[in-house]
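Visitor: Okay, handing you the structure first.
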Amino acid sequence: MSAFATWLAGHRIRRVVIIAGLFPLPLLGVVSAAAVVMTAMLRGPREATIDCAAGLALLLGLGFVSGMDVVTLAGSAVFSWAVWILLGALANRTGSLTLTVQATVLLALAGMVLFLLSVGDAVSYWLPILEAWYADLERQGVNIPVDLEQQAALMSGGLFAFVLSGALLSLLLGLSWAARVAGGPTLASEFRQLRLGYVIGGLAAVAGLASLIGAPLNGVLLLFGAAFSFQGAAVVAWWAERLNWPRNWWLAAVIVSVLMVQLLVILLALLAALGFVDNWFSLRRKPQAPEAR
């Protein structure tokens, strides 16, 4: 990974090809975003903007050749890359992973609020989309019994939880590459200290209380769950380092979770709960040495 990061950082053409070429691809779009974050972190927002401008020209050319909707493609690219440049520059300016992650979570919350304001009734917005999707599945012989209204009420939160998870993974990957290229301390030690803070924790607590009285939250708790699952992962990583777990212990958890989707859901829920508790009552405390007599 260090070799790839160094290779990518060493030449603008390589970065432009990675940024533009991988942007439209599922999953690999994370690598595109990470390249923008790395450049903004190492070289500043101006250089990252130049890379993205060249990448936009390449992306539009690829879009024309492949027959894609270039207007939508260009709009999503400009917006996404602007956010990555902002986050990379913020990490560069503050030198704080925690502050940058907190800003990412708040941006996702703001994005969800704007989305809900723009669509009005979120359930009415999502119902036709879900009905068409399940009808298509039924035509293919897949019949899944589901409460469409209940699922529609959660779709907005689920969408932004997914976006936030991808955003945080891209951010962590890009900052990790930047740290490797710069030759400074790795990102792992800073990640182990990650904490979302009382503002985000307070908003999550208010949303949780509101859900108990039946307030329509459009699935915002899913977004908070995605955010706090990263803090929960930081808690586990902190204890893994303290207890000297095997170096690649997390690979086993990832592989098993990917192979068993139900286990992945349970694991994420446990991490979210762990992160939320740690936010209020620190679970990363070293035992105090006994006083000398």
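Chain lettering (A, B, ...) mirrors the order of the structure tokens, residue numbering begins at 1 for each chain separately, and ligand numbering begins at 1 in order of display.
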So that I can see what lies close to Phe23 (chain A), please list as a PyMOL selection string the residues with an atom at most 10 Å from it, counting only C-alpha atoms and leaving out residues fewer than 6 positions away in the same chain.
Guide: chain A and resi 17+29-33+55+59+73+76-77+80-81
Visitor: Where does region 108-220 of chain A meet region 268-280 of chain A within 12 Å, residue by residue, with the nearest atom pair and distance in Å to one decimal for each, counting only C-alpha atoms, listed by chain and rising number, as CSV?
Guide:
```
residue,atom,partner,partner_atom,distance
A:Ala161,CA,A:Leu268,CA,11.8
A:Ser165,CA,A:Leu268,CA,11.1
A:Arg192,CA,A:Gly275,CA,11.7
A:Gln193,CA,A:Asp278,CA,10.9
A:Leu194,CA,A:Asn279,CA,9.6
A:Arg195,CA,A:Asn279,CA,6.3
A:Leu196,CA,A:Asn279,CA,6.8
A:Gly197,CA,A:Asn279,CA,6.3
A:Tyr198,CA,A:Asn279,CA,7.3
A:Val199,CA,A:Asn279,CA,10.4
A:Ile200,CA,A:Asn279,CA,9.5
A:Gly201,CA,A:Asn279,CA,6.9
A:Gly202,CA,A:Trp280,CA,9.7
A:Leu203,CA,A:Phe276,CA,11.5
A:Ala204,CA,A:Phe276,CA,8.7
A:Ala205,CA,A:Phe276,CA,9.2
A:Gly208,CA,A:Phe276,CA,11.5
```
Visitor: Choose the residue, out of A:Ser170, A:Ser257, A:Gln150, A:Asn92, that has the smallest atom-to-atom separation from Leu217 (chain A); count only C-alpha atoms.
Guide: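 Ranked by minimum distance to Leu217 (chain A), first place goes to A:Gln150.
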Visitor: Taking into account only C-alpha atoms, which residue in the set A:Ala108, A:Leu97, A:Ala40, A:Leu130 is nearest to Arg15 (chain A)?
Guide: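 Ranked by minimum distance to Arg15 (chain A), first place goes to A:Ala40.
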Visitor: Take CA of Gly88 (chain A) and CA of Ala103 (chain A) and report the distance between them in Å, one decimal.
Guide: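 Straight-line distance from CA of Gly88 (chain A) to CA of Ala103 (chain A) works out to 11.3 Å.
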Visitor: As an exercise, work out the distance from CA of Gly67 (chain A) to CA of Leu25 (chain A) in Å and give it to one decimal place.
Guide: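 Rounded to one decimal, the two atoms are 14.9 Å apart.
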Visitor: Name all residues at most 10 Å from Trp84 (chain A) (count only C-alpha atoms; drop same-chain ones fewer than 4 positions away) and give them as a PyMOL selection string.
Guide: chain A and resi 32-40+45+48+79-80+88-90+104+167+170-171+174
Visitor: Which residue gives the smallest distance to Glu241 (chain A) among A:Leu106, A:Ala135, A:Ala188, A:Ile13, with only C-alpha atoms counted?
Guide: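 Checking each of A:Leu106, A:Ala135, A:Ala188, A:Ile13 against Glu241 (chain A), counting only C-alpha atoms, the winner is A:Ala188.
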Visitor: Among the residues of region 51-256 of chain A, find those DSSP assigns to alpha helix (DSSP H) from the backbone and print them as a ChimeraX atom specification.
Guide: /A:51-66,70-94,97-119,122-139,148-182,188-191,197-212,220-242,249-256
Visitor: Please list as a PyMOL selection string every residue within 10 Å of Ala152 (chain A), counting only C-alpha atoms and excluding residues in the same chain fewer than 5 positions away.
Guide: chain A and resi 122-131+147+157-158+218-219
Visitor: Identify, on the basis of only C-alpha atoms, every residue whose closest approach to Arg180 (chain A) does not exceed 12 Å; exclude the query and any residue fewer than 2 positions from it along the same chain; express the result as a ChimeraX atom specification.
Guide: /A:1-9,38,41-42,173-178,182-188
Visitor: With N, CA and C atoms retained, could you export that selection as a PDB file, in the first residue's frame?
Guide:
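The file below, selection.pdb, is the result:
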```pdb
ATOM      1  N   MET A   1       0.823  -1.208   0.000  1.00  0.00           N
ATOM      2  CA  MET A   1       0.000   0.000   0.000  1.00  0.00           C
ATOM      3  C   MET A   1       0.858   1.259   0.000  1.00  0.00           C
ATOM      4  N   SER A   2       1.973   1.243   0.708  1.00  0.00           N
ATOM      5  CA  SER A   2       2.876   2.394   0.722  1.00  0.00           C
ATOM      6  C   SER A   2       3.429   2.650  -0.668  1.00  0.00           C
ATOM      7  N   ALA A   3       3.785   1.546  -1.383  1.00  0.00           N
ATOM      8  CA  ALA A   3       4.325   1.693  -2.728  1.00  0.00           C
ATOM      9  C   ALA A   3       3.288   2.297  -3.671  1.00  0.00           C
ATOM     10  N   PHE A   4       2.045   1.859  -3.550  1.00  0.00           N
ATOM     11  CA  PHE A   4       0.989   2.399  -4.412  1.00  0.00           C
ATOM     12  C   PHE A   4       0.761   3.873  -4.120  1.00  0.00           C
ATOM     13  N   ALA A   5       0.732   4.242  -2.848  1.00  0.00           N
ATOM     14  CA  ALA A   5       0.522   5.638  -2.478  1.00  0.00           C
ATOM     15  C   ALA A   5       1.638   6.520  -3.019  1.00  0.00           C
ATOM     16  N   THR A   6       2.873   6.046  -2.904  1.00  0.00           N
ATOM     17  CA  THR A   6       4.012   6.807  -3.420  1.00  0.00           C
ATOM     18  C   THR A   6       3.942   6.929  -4.934  1.00  0.00           C
ATOM     19  N   TRP A   7       3.588   5.823  -5.603  1.00  0.00           N
ATOM     20  CA  TRP A   7       3.438   5.834  -7.061  1.00  0.00           C
ATOM     21  C   TRP A   7       2.360   6.820  -7.492  1.00  0.00           C
ATOM     22  N   LEU A   8       1.239   6.810  -6.785  1.00  0.00           N
ATOM     23  CA  LEU A   8       0.117   7.669  -7.139  1.00  0.00           C
ATOM     24  C   LEU A   8       0.441   9.136  -6.899  1.00  0.00           C
ATOM     25  N   ALA A   9       1.120   9.423  -5.796  1.00  0.00           N
ATOM     26  CA  ALA A   9       1.418  10.813  -5.453  1.00  0.00           C
ATOM     27  C   ALA A   9       2.497  11.419  -6.336  1.00  0.00           C
ATOM     28  N   MET A  38      -5.887  12.617  -0.526  1.00  0.00           N
ATOM     29  CA  MET A  38      -4.435  12.545  -0.374  1.00  0.00           C
ATOM     30  C   MET A  38      -3.751  13.761  -0.985  1.00  0.00           C
ATOM     31  N   MET A  41      -4.346  16.866   1.012  1.00  0.00           N
ATOM     32  CA  MET A  41      -3.593  16.797   2.261  1.00  0.00           C
ATOM     33  C   MET A  41      -2.107  17.073   2.037  1.00  0.00           C
ATOM     34  N   LEU A  42      -1.538  16.501   0.973  1.00  0.00           N
ATOM     35  CA  LEU A  42      -0.098  16.623   0.742  1.00  0.00           C
ATOM     36  C   LEU A  42       0.285  17.926   0.040  1.00  0.00           C
ATOM     37  N   LEU A 173      -8.729   6.303   4.088  1.00  0.00           N
ATOM     38  CA  LEU A 173      -7.784   5.748   3.125  1.00  0.00           C
ATOM     39  C   LEU A 173      -6.880   6.841   2.561  1.00  0.00           C
ATOM     40  N   GLY A 174      -7.470   7.976   2.178  1.00  0.00           N
ATOM     41  CA  GLY A 174      -6.675   9.068   1.622  1.00  0.00           C
ATOM     42  C   GLY A 174      -5.682   9.634   2.614  1.00  0.00           C
ATOM     43  N   LEU A 175      -6.106   9.821   3.856  1.00  0.00           N
ATOM     44  CA  LEU A 175      -5.196  10.360   4.880  1.00  0.00           C
ATOM     45  C   LEU A 175      -4.119   9.342   5.238  1.00  0.00           C
ATOM     46  N   SER A 176      -4.471   8.054   5.184  1.00  0.00           N
ATOM     47  CA  SER A 176      -3.467   7.013   5.435  1.00  0.00           C
ATOM     48  C   SER A 176      -2.397   7.031   4.357  1.00  0.00           C
ATOM     49  N   TRP A 177      -2.811   7.172   3.084  1.00  0.00           N
ATOM     50  CA  TRP A 177      -1.836   7.274   1.991  1.00  0.00           C
ATOM     51  C   TRP A 177      -0.951   8.500   2.174  1.00  0.00           C
ATOM     52  N   ALA A 178      -1.568   9.623   2.534  1.00  0.00           N
ATOM     53  CA  ALA A 178      -0.792  10.856   2.708  1.00  0.00           C
ATOM     54  C   ALA A 178       0.247  10.690   3.806  1.00  0.00           C
ATOM     55  N   ALA A 182       4.243  11.026   3.203  1.00  0.00           N
ATOM     56  CA  ALA A 182       4.955  12.061   3.944  1.00  0.00           C
ATOM     57  C   ALA A 182       6.017  11.479   4.870  1.00  0.00           C
ATOM     58  N   GLY A 183       5.874  10.206   5.197  1.00  0.00           N
ATOM     59  CA  GLY A 183       6.873   9.567   6.048  1.00  0.00           C
ATOM     60  C   GLY A 183       6.745   9.891   7.516  1.00  0.00           C
ATOM     61  N   GLY A 184       5.599  10.468   7.917  1.00  0.00           N
ATOM     62  CA  GLY A 184       5.383  10.779   9.323  1.00  0.00           C
ATOM     63  C   GLY A 184       4.755   9.608  10.052  1.00  0.00           C
ATOM     64  N   PRO A 185       4.173   9.873  11.229  1.00  0.00           N
ATOM     65  CA  PRO A 185       3.499   8.806  11.971  1.00  0.00           C
ATOM     66  C   PRO A 185       2.290   8.298  11.195  1.00  0.00           C
ATOM     67  N   THR A 186       1.974   7.023  11.356  1.00  0.00           N
ATOM     68  CA  THR A 186       0.843   6.440  10.655  1.00  0.00           C
ATOM     69  C   THR A 186      -0.467   6.978  11.218  1.00  0.00           C
ATOM     70  N   LEU A 187      -1.525   6.752  10.466  1.00  0.00           N
ATOM     71  CA  LEU A 187      -2.837   7.241  10.888  1.00  0.00           C
ATOM     72  C   LEU A 187      -3.434   6.377  11.986  1.00  0.00           C
ATOM     73  N   ALA A 188      -2.918   5.169  12.153  1.00  0.00           N
ATOM     74  CA  ALA A 188      -3.524   4.217  13.083  1.00  0.00           C
ATOM     75  C   ALA A 188      -3.597   4.760  14.507  1.00  0.00           C
TER      76      ALA A 188
END
```
Visitor: Given the choices A:Asp136, A:Leu169, A:Val105, A:Leu209, which gets closest to Gly225 (chain A) if the distance is worked out from only C-alpha atoms?
Guide: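 Closest residue, counting only C-alpha atoms: A:Val105.
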